[in-house]
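Here's upload.txt, which has compact mmCIF, C-alpha atoms:
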# COMPACT_ATOMS: atom_id res chain seq x y z
CA MET A 1 6.70 -22.47 11.18
CA LYS A 2 9.72 -20.24 11.24
CA LEU A 3 11.04 -18.35 8.22
CA SER A 4 14.17 -20.51 8.49
CA ASP A 5 11.94 -23.59 7.86
CA VAL A 6 10.50 -21.86 4.78
CA LYS A 7 14.05 -21.27 3.60
CA ASP A 8 14.91 -24.98 4.02
CA ILE A 9 11.69 -26.27 2.41
CA LEU A 10 12.23 -24.07 -0.64
CA ASP A 11 16.01 -24.46 -0.72
CA ALA A 12 15.93 -20.67 -0.84
CA GLU A 13 18.63 -18.03 -0.75
CA VAL A 14 18.14 -15.20 1.76
CA ILE A 15 18.77 -11.87 0.03
CA VAL A 16 17.55 -9.53 2.79
CA GLY A 17 16.70 -10.35 6.40
CA GLU A 18 19.17 -13.02 7.54
CA GLU A 19 18.52 -11.68 11.06
CA ASN A 20 14.74 -12.27 10.79
CA LEU A 21 14.74 -16.05 10.17
CA ASP A 22 13.22 -16.72 13.61
CA MET A 23 9.99 -14.99 12.54
CA GLU A 24 6.85 -17.18 12.75
CA VAL A 25 4.68 -17.50 9.62
CA LYS A 26 1.40 -19.36 9.12
CA THR A 27 -0.19 -18.00 5.94
CA ALA A 28 0.73 -17.00 2.40
CA PHE A 29 -0.60 -15.27 -0.71
CA GLY A 30 0.75 -15.67 -4.24
CA ALA A 31 0.27 -13.27 -7.18
CA ASP A 32 2.15 -11.11 -9.66
CA LEU A 33 -0.61 -8.51 -9.76
CA MET A 34 0.03 -6.04 -6.95
CA SER A 35 -3.55 -4.71 -6.99
CA ASP A 36 -4.73 -8.25 -6.22
CA VAL A 37 -2.17 -8.49 -3.42
CA LEU A 38 -3.55 -5.20 -2.04
CA ALA A 39 -7.12 -6.46 -2.38
CA PHE A 40 -6.68 -9.88 -0.77
CA ALA A 41 -3.40 -10.44 1.09
CA LYS A 42 -3.46 -10.26 4.89
CA SER A 43 -0.86 -8.81 7.21
CA GLY A 44 1.72 -11.23 8.56
CA SER A 45 1.51 -13.48 5.44
CA LEU A 46 4.27 -14.53 3.10
CA LEU A 47 4.04 -13.00 -0.39
CA LEU A 48 4.97 -15.43 -3.19
CA THR A 49 5.64 -13.52 -6.42
CA GLY A 50 7.69 -13.38 -9.59
CA LEU A 51 7.74 -9.58 -9.65
CA THR A 52 11.01 -8.01 -8.48
CA ASN A 53 10.64 -4.23 -8.74
CA THR A 54 10.42 -1.75 -5.86
CA GLN A 55 6.60 -1.78 -5.98
CA VAL A 56 6.67 -5.30 -4.51
CA ILE A 57 8.43 -3.89 -1.44
CA ARG A 58 6.07 -0.90 -1.24
CA THR A 59 3.08 -3.23 -1.49
CA ALA A 60 4.52 -5.52 1.21
CA ASN A 61 5.16 -2.52 3.45
CA VAL A 62 1.65 -1.14 3.02
CA LEU A 63 0.17 -4.52 4.03
CA ASP A 64 2.69 -5.49 6.74
CA ILE A 65 3.66 -8.61 4.78
CA ALA A 66 6.03 -10.83 6.82
CA ALA A 67 8.43 -11.74 4.00
CA ILE A 68 8.68 -11.87 0.21
CA ILE A 69 9.47 -15.16 -1.55
CA LEU A 70 10.65 -14.60 -5.12
CA VAL A 71 9.89 -17.64 -7.27
CA ARG A 72 11.44 -18.94 -10.54
CA ALA A 73 14.94 -17.90 -9.34
CA LYS A 74 14.13 -14.20 -9.79
CA GLN A 75 16.76 -11.79 -8.50
CA PRO A 76 15.70 -8.34 -7.24
CA SER A 77 17.32 -5.13 -8.50
CA SER A 78 19.73 -3.23 -6.26
CA GLU A 79 17.00 -0.57 -5.69
CA THR A 80 14.60 -3.28 -4.54
CA ILE A 81 17.20 -4.72 -2.13
CA ALA A 82 18.02 -1.27 -0.73
CA LEU A 83 14.34 -0.45 -0.13
CA ALA A 84 13.70 -3.86 1.50
CA ARG A 85 16.62 -3.22 3.88
CA GLU A 86 15.31 0.26 4.68
CA LEU A 87 11.77 -1.00 5.38
CA LYS A 88 13.06 -4.20 7.05
CA ILE A 89 11.23 -6.65 4.80
CA PRO A 90 12.98 -10.00 4.27
CA ILE A 91 13.43 -11.27 0.68
CA LEU A 92 14.13 -14.92 -0.13
CA THR A 93 14.54 -16.33 -3.64
CA THR A 94 13.80 -19.91 -4.68
CA LYS A 95 14.34 -21.78 -7.93
CA TYR A 96 10.95 -23.47 -7.62
CA ILE A 97 8.13 -22.22 -9.83
CA LEU A 98 5.13 -20.55 -8.14
CA PHE A 99 3.03 -23.74 -8.23
CA GLU A 100 5.79 -25.88 -6.66
CA THR A 101 6.61 -23.18 -4.08
CA ALA A 102 2.99 -22.96 -2.95
CA GLY A 103 2.56 -26.74 -2.96
CA ARG A 104 5.68 -27.44 -0.93
CA LEU A 105 4.72 -24.85 1.70
CA TYR A 106 1.09 -26.04 1.82
CA ALA A 107 2.23 -29.65 2.31
CA LYS A 108 4.16 -28.51 5.39
CA GLY A 109 1.24 -26.61 6.93
CA ILE A 110 1.28 -23.09 5.49
CA VAL A 111 -2.24 -22.14 4.33
CA GLY A 112 -3.63 -19.40 2.14
CA CYS A 113 -4.31 -16.11 3.92
CA LEU A 114 -7.88 -16.59 2.67
CA PRO A 115 -9.20 -19.76 1.00
CA LYS A 116 -11.56 -18.10 -1.49
CA VAL A 117 -12.50 -14.58 -2.50
CA GLU A 118 -15.87 -13.55 -1.13
CA ASN A 119 -17.40 -11.28 -3.72
CA THR A 120 -16.99 -12.34 -7.35
CA SER A 121 -19.47 -9.94 -8.93
CA GLY A 122 -17.87 -8.12 -11.83
CA ARG A 123 -14.47 -9.76 -11.45
CA THR A 124 -12.65 -10.22 -14.72
CA MET B 1 1.32 31.12 34.95
CA ARG B 2 -2.00 30.94 33.13
CA LYS B 3 -1.54 34.54 31.99
CA GLU B 4 1.99 33.84 30.78
CA LEU B 5 0.74 30.84 28.83
CA SER B 6 -2.09 32.88 27.41
CA ASP B 7 0.29 35.64 26.29
CA ALA B 8 2.65 33.13 24.72
CA CYS B 9 -0.23 31.48 22.89
CA GLN B 10 -1.48 34.82 21.64
CA LYS B 11 1.95 35.56 20.19
CA LEU B 12 1.92 32.18 18.43
CA LYS B 13 -1.76 32.62 17.47
CA ILE B 14 -2.77 29.38 19.22
CA PRO B 15 -6.34 29.48 20.51
CA VAL B 16 -6.40 29.20 24.29
CA GLY B 17 -8.87 27.01 26.10
CA GLU B 18 -10.00 25.09 23.01
CA PRO B 19 -8.37 21.74 22.45
CA ASN B 20 -6.75 21.48 19.04
CA GLN B 21 -8.97 19.00 17.18
CA ASN B 22 -6.45 18.30 14.45
CA LEU B 23 -4.24 15.40 15.46
CA TYR B 24 -2.38 15.85 12.19
CA ASN B 25 -2.71 18.13 9.20
CA GLY B 26 -0.16 18.02 6.42
CA SER B 27 0.40 17.88 2.67
CA PHE B 28 2.60 15.92 0.31
CA THR B 29 3.30 16.22 -3.40
CA ILE B 30 3.53 13.44 -5.98
CA GLU B 31 5.31 13.86 -9.29
CA GLY B 32 3.57 12.23 -12.25
CA GLY B 33 5.56 9.78 -14.35
CA ASN B 34 8.14 9.15 -11.63
CA PHE B 35 7.58 5.42 -11.22
CA ASN B 36 10.52 4.93 -8.84
CA CYS B 37 8.95 7.25 -6.28
CA ALA B 38 5.48 5.68 -6.30
CA GLY B 39 4.74 4.60 -2.75
CA ILE B 40 6.87 7.13 -0.85
CA VAL B 41 3.87 9.23 0.21
CA SER B 42 1.85 6.23 1.39
CA THR B 43 4.86 4.94 3.34
CA SER B 44 5.05 8.35 5.07
CA ILE B 45 1.30 8.37 5.75
CA LYS B 46 1.56 4.90 7.26
CA SER B 47 4.36 5.94 9.59
CA ILE B 48 2.55 9.16 10.66
CA LEU B 49 -0.64 7.23 11.49
CA GLN B 50 1.32 4.58 13.41
CA LYS B 51 2.96 7.31 15.48
CA LEU B 52 -0.49 8.77 16.24
CA GLY B 53 -1.51 5.38 17.67
CA ILE B 54 -4.17 4.60 15.02
CA PRO B 55 -5.01 0.82 15.15
CA GLY B 56 -2.96 -1.33 12.74
CA ASP B 57 -5.84 -2.51 10.52
CA LEU B 58 -6.98 1.10 9.98
CA VAL B 59 -3.41 2.23 9.25
CA ARG B 60 -3.28 -0.50 6.59
CA LYS B 61 -6.56 0.66 5.03
CA ALA B 62 -5.26 4.23 4.85
CA ALA B 63 -1.93 3.06 3.43
CA ILE B 64 -3.65 0.92 0.77
CA VAL B 65 -5.98 3.69 -0.44
CA SER B 66 -3.19 6.25 -0.56
CA TYR B 67 -0.85 3.80 -2.32
CA GLU B 68 -3.38 2.94 -5.06
CA ALA B 69 -4.09 6.66 -5.49
CA GLU B 70 -0.37 7.33 -5.72
CA ILE B 71 0.03 4.67 -8.42
CA ASN B 72 -2.78 6.38 -10.38
CA VAL B 73 -1.10 9.79 -10.11
CA VAL B 74 2.29 8.45 -11.18
CA SER B 75 0.66 6.55 -14.04
CA TYR B 76 -1.64 9.22 -15.48
CA ALA B 77 -1.28 12.71 -13.96
CA LYS B 78 1.29 15.50 -14.14
CA LYS B 79 1.42 15.99 -10.40
CA ALA B 80 -0.76 15.89 -7.33
CA VAL B 81 -1.15 17.22 -3.82
CA VAL B 82 -2.09 14.79 -1.08
CA ASN B 83 -3.70 16.26 2.03
CA LEU B 84 -3.75 14.15 5.16
CA MET B 85 -5.95 15.32 8.00
CA VAL B 86 -6.41 13.24 11.12
CA VAL B 87 -9.13 14.31 13.54
CA PRO B 88 -10.71 12.39 16.43
CA GLY B 89 -12.94 9.78 14.73
CA SER B 90 -11.47 9.78 11.23
CA VAL B 91 -8.49 9.81 8.89
CA ASN B 92 -9.15 12.02 5.85
CA ILE B 93 -7.05 11.68 2.72
CA GLU B 94 -7.51 13.91 -0.30
CA VAL B 95 -5.63 13.48 -3.58
CA ILE B 96 -5.97 16.40 -5.99
CA ASP B 97 -4.17 15.91 -9.28
CA GLU B 98 -3.41 17.98 -12.35
CA GLY B 99 -3.94 15.66 -15.27
CA PRO B 100 -6.13 14.55 -18.14
CA GLY B 101 -9.13 13.78 -15.91
CA ILE B 102 -11.42 10.78 -16.23
CA PRO B 103 -13.98 11.03 -19.10
CA ASN B 104 -16.39 8.45 -17.67
CA ILE B 105 -16.13 7.91 -13.92
CA GLU B 106 -18.79 5.18 -13.90
CA LEU B 107 -16.77 3.18 -16.42
CA ALA B 108 -13.48 3.85 -14.59
CA MET B 109 -15.00 2.55 -11.36
CA GLN B 110 -15.81 -0.80 -13.02
CA GLU B 111 -13.43 -3.51 -11.91
CA GLY B 112 -11.24 -4.62 -14.80
CA TRP B 113 -11.65 -1.44 -16.85
CA SER B 114 -8.22 0.02 -17.55
CA THR B 115 -6.30 2.33 -19.88
CA ALA B 116 -2.90 1.28 -18.48
CA ASP B 117 0.15 0.93 -20.71
CA GLN B 118 2.87 -1.72 -20.57
CA ARG B 119 5.00 0.26 -18.10
CA ILE B 120 2.22 0.37 -15.52
CA ARG B 121 1.49 -3.33 -16.01
CA GLU B 122 5.16 -4.22 -15.50
CA MET B 123 4.94 -2.68 -12.02
CA GLY B 124 2.14 -5.10 -11.16
CA PHE B 125 -0.69 -2.62 -11.64
CA GLY B 126 -3.03 -1.53 -14.43
CA ALA B 127 -5.55 -4.35 -14.16
CA GLY B 128 -8.41 -1.94 -13.51
CA MET B 129 -8.64 -2.53 -9.78
CA GLY B 130 -7.16 0.64 -8.31
CA LEU B 131 -10.30 2.73 -7.87
CA CYS B 132 -12.28 -0.35 -6.73
CA ASN B 133 -9.64 -1.12 -4.11
CA ILE B 134 -9.73 2.51 -2.95
CA LYS B 135 -13.53 2.44 -2.68
CA ASN B 136 -13.58 -0.94 -0.92
CA TYR B 137 -11.02 0.03 1.72
CA SER B 138 -12.55 3.48 2.42
CA ASP B 139 -15.52 4.02 4.70
CA GLU B 140 -16.44 7.00 2.56
CA PHE B 141 -15.20 7.69 -0.96
CA HIS B 142 -15.82 10.67 -3.24
CA ILE B 143 -14.48 11.15 -6.75
CA SER B 144 -14.87 14.04 -9.15
CA SER B 145 -13.03 14.80 -12.34
CA GLU B 146 -12.79 17.47 -15.00
CA ILE B 147 -11.45 16.68 -18.47
CA GLY B 148 -8.14 18.42 -19.13
CA LYS B 149 -7.87 19.65 -15.53
CA GLY B 150 -7.62 16.73 -13.15
CA THR B 151 -9.19 14.37 -10.69
CA HIS B 152 -10.07 14.85 -7.04
CA LEU B 153 -10.34 11.88 -4.69
CA LYS B 154 -11.46 12.04 -1.09
CA MET B 155 -11.20 9.03 1.18
CA ILE B 156 -12.40 8.84 4.79
CA ILE B 157 -11.47 6.05 7.16
CA GLN B 158 -13.30 6.03 10.45
CA THR B 159 -11.31 5.53 13.65
CA PRO B 160 -12.52 4.67 17.16
Final structure tokens representation of the file:
Amino acid sequence: MKLSDVKDILDAEVIVGEENLDMEVKTAFGADLMSDVLAFAKSGSLLLTGLTNTQVIRTANVLDIAAIILVRAKQPSSETIALARELKIPILTTKYILFETAGRLYAKGIVGCLPKVENTSGRT
Amino acid sequence: MRKELSDACQKLKIPVGEPNQNLYNGSFTIEGGNFNCAGIVSTSIKSILQKLGIPGDLVRKAAIVSYEAEINVVSYAKKAVVNLMVVPGSVNIEVIDEGPGIPNIELAMQEGWSTADQRIREMGFGAGMGLCNIKNYSDEFHISSEIGKGTHLKMIIQTP
């Protein structure tokens, strides 16, 4: 689906990237732990998170994340917005909680960027 | 023409006749404790590798390992030098920091082991995954550390 469909499904506000709403997205990853995002998220996915600092944008840039969906009505700082504009990474914010956000997108056909983690040895 | 070129190269101390094997060779510095700047070096590395035409998935691997290393420097060290050397066949990233060092590398390499404070955790890090992520995304990974002096990481990512 297009990012504009994601916006409608989540009744989201576009904070950065109004011009990128035609972008196609198929997969998503949700976490507040950026090291987990770095370990598991795939390029071209949506990133669903409640974290709003600049490291979210850096992480998204490193992984070529398609767009960031802030959940629980989180608002990014002005530094975060400026960096997202510079690195051309769209940010949307929705009032839905992470569980609802993921569920609503999944119901409309967005799937996880991986269904399960492969290696669970030593994971805490 | 050849002679002119040769003379010009001699003036500039460029070896003639041998292709320059270094596609890129440069250094960056990271300031410890400066949380706002964490990620700037890896963003630069990513853009340099993209410009060199390195495949996207390998650029991402290099960006991930340098970003996790950068987070570690900002979180624990005083400062660090990052050396990026790209040669045919591999991307080589070295991070040499001045800092407290790691007392037990084996323990630090264990997933979930962490000494992170609240500030690091608020950024979305500090869950004891950094070094594991670096190791997992590198084709070759070396770590050495000296207490009271610093830590030296070397990551190699193979390219076609």
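Using only C-alpha atoms, the smallest distance between any of A:Thr52, A:Ile68, A:Leu10, A:Leu38 and A:Phe99 comes from A:Leu10.
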Using all atoms listed in the file, I'd like every residue of chain A that has an atom within 8 Å of chain B; please write them out as a PyMOL selection string.
chain A and resi 32-36+38-39+51+53-55+58+61-64+122-124
Saved selection, atoms kept: C-alpha atoms, as a CSV table (one decimal), in the frame of the given file:
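Contents of selection34.csv, freshly written:
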chain,number,residue,atom,x,y,z
A,32,ASP,CA,2.2,-11.1,-9.7
A,33,LEU,CA,-0.6,-8.5,-9.8
A,34,MET,CA,0.0,-6.0,-7.0
A,35,SER,CA,-3.6,-4.7,-7.0
A,36,ASP,CA,-4.7,-8.2,-6.2
A,38,LEU,CA,-3.6,-5.2,-2.0
A,39,ALA,CA,-7.1,-6.5,-2.4
A,51,LEU,CA,7.7,-9.6,-9.6
A,53,ASN,CA,10.6,-4.2,-8.7
A,54,THR,CA,10.4,-1.8,-5.9
A,55,GLN,CA,6.6,-1.8,-6.0
A,58,ARG,CA,6.1,-0.9,-1.2
A,61,ASN,CA,5.2,-2.5,3.4
A,62,VAL,CA,1.6,-1.1,3.0
A,63,LEU,CA,0.2,-4.5,4.0
A,64,ASP,CA,2.7,-5.5,6.7
A,122,GLY,CA,-17.9,-8.1,-11.8
A,123,ARG,CA,-14.5,-9.8,-11.4
A,124,THR,CA,-12.6,-10.2,-14.7
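Excluding B:Asp97 and any residue on its chain fewer than 4 positions from it, the residues at most 6 Å away by only C-alpha atoms are Lys79, Ala80, Gly150 and Thr151 of chain B.
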Could you please take those selected residues and save C-alpha atoms as a compact mmCIF listing (two decimals), in the coordinates of the input?
# COMPACT_ATOMS: atom_id res chain seq x y z
CA LYS B 79 1.42 15.99 -10.40
CA ALA B 80 -0.76 15.89 -7.33
CA GLY B 150 -7.62 16.73 -13.15
CA THR B 151 -9.19 14.37 -10.69
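Neighbours of B:Lys154 closer than or equal to 8 Å, with all atoms listed in the file counted and sequence neighbours fewer than 5 positions away skipped, come out as B:Asn92, B:Ile93, B:Glu94, B:Val95, B:Glu140, B:Phe141, B:His142, B:Ile143.
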With all atoms listed in the file counted, which protein, DNA or RNA residues have an atom no more than 8 Å from (0.9, -16.2, 6.5) in the file frame? Please answer as JSON, numbers by chain.
{"A": [25, 26, 27, 28, 29, 42, 43, 44, 45, 46, 66, 110, 111, 112, 113]}
B:Gly26: which residues within 12 Å, counting all atoms listed in the file, same-chain residues fewer than 2 positions away excluded, as a JSON list (two decimals) with C-alpha atoms, keeping the file's coordinate frame?
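Output below, filename out-v4.json:
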[["chain", "number", "residue", "atom", "x", "y", "z"],
["B", 22, "ASN", "CA", -6.45, 18.30, 14.45],
["B", 23, "LEU", "CA", -4.24, 15.40, 15.46],
["B", 24, "TYR", "CA", -2.38, 15.85, 12.19],
["B", 28, "PHE", "CA", 2.60, 15.92, 0.31],
["B", 29, "THR", "CA", 3.30, 16.22, -3.40],
["B", 41, "VAL", "CA", 3.87, 9.23, 0.21],
["B", 44, "SER", "CA", 5.05, 8.35, 5.07],
["B", 45, "ILE", "CA", 1.30, 8.37, 5.75],
["B", 48, "ILE", "CA", 2.55, 9.16, 10.66],
["B", 49, "LEU", "CA", -0.64, 7.23, 11.49],
["B", 81, "VAL", "CA", -1.15, 17.22, -3.82],
["B", 82, "VAL", "CA", -2.09, 14.79, -1.08],
["B", 83, "ASN", "CA", -3.70, 16.26, 2.03],
["B", 84, "LEU", "CA", -3.75, 14.15, 5.16],
["B", 85, "MET", "CA", -5.95, 15.32, 8.00],
["B", 86, "VAL", "CA", -6.41, 13.24, 11.12],
["B", 91, "VAL", "CA", -8.49, 9.81, 8.89],
["B", 92, "ASN", "CA", -9.15, 12.02, 5.85],
["B", 93, "ILE", "CA", -7.05, 11.68, 2.72],
["B", 94, "GLU", "CA", -7.51, 13.91, -0.30]]
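Atom CA of A:Thr49 sits 14.8 Å away from atom CA of A:Val6.
Within 9 Å of the point (9.6, -4.6, 7.3) in file coordinates, and counting only C-alpha atoms, lie the residues Ile57, Ala60, Asn61, Asp64, Ile65, Ala66, Ala67, Ala84, Arg85, Glu86, Leu87, Lys88, Ile89 and Pro90 of chain A.
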Might you pull out every residue within 6 Å of stretch 98-102 of chain B, with only C-alpha atoms counted and same-chain residues fewer than 5 positions away left off, and present them as an MDAnalysis selection string?
chainID B and resid 77:79 145:151
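Across the structure, atom CA of A:Met23 and atom CA of A:Leu3 are spaced 5.6 Å apart.
Counting from atom CA of B:Pro88, the distance to atom CA of A:Phe40 is 28.4 Å.
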I'd like the contact shell of A:Asp8 - 12 Å cut-off, all atoms listed in the file, skipping same-chain residues fewer than 3 positions apart - returned as a PDB file with C-alpha atoms, in the coordinates of the input.
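What follows is the written file result-v2.pdb:
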ATOM      1  CA  MET A   1       6.700 -22.470  11.180  1.00  0.00           C
ATOM      2  CA  LYS A   2       9.720 -20.240  11.240  1.00  0.00           C
ATOM      3  CA  LEU A   3      11.040 -18.350   8.220  1.00  0.00           C
ATOM      4  CA  SER A   4      14.170 -20.510   8.490  1.00  0.00           C
ATOM      5  CA  ASP A   5      11.940 -23.590   7.860  1.00  0.00           C
ATOM      6  CA  ASP A  11      16.010 -24.460  -0.720  1.00  0.00           C
ATOM      7  CA  ALA A  12      15.930 -20.670  -0.840  1.00  0.00           C
ATOM      8  CA  GLU A  13      18.630 -18.030  -0.750  1.00  0.00           C
ATOM      9  CA  VAL A  14      18.140 -15.200   1.760  1.00  0.00           C
ATOM     10  CA  LEU A  21      14.740 -16.050  10.170  1.00  0.00           C
ATOM     11  CA  LEU A  92      14.130 -14.920  -0.130  1.00  0.00           C
ATOM     12  CA  THR A  93      14.540 -16.330  -3.640  1.00  0.00           C
ATOM     13  CA  THR A  94      13.800 -19.910  -4.680  1.00  0.00           C
ATOM     14  CA  THR A 101       6.610 -23.180  -4.080  1.00  0.00           C
ATOM     15  CA  ARG A 104       5.680 -27.440  -0.930  1.00  0.00           C
ATOM     16  CA  LEU A 105       4.720 -24.850   1.700  1.00  0.00           C
ATOM     17  CA  LYS A 108       4.160 -28.510   5.390  1.00  0.00           C
TER      18      LYS A 108
END
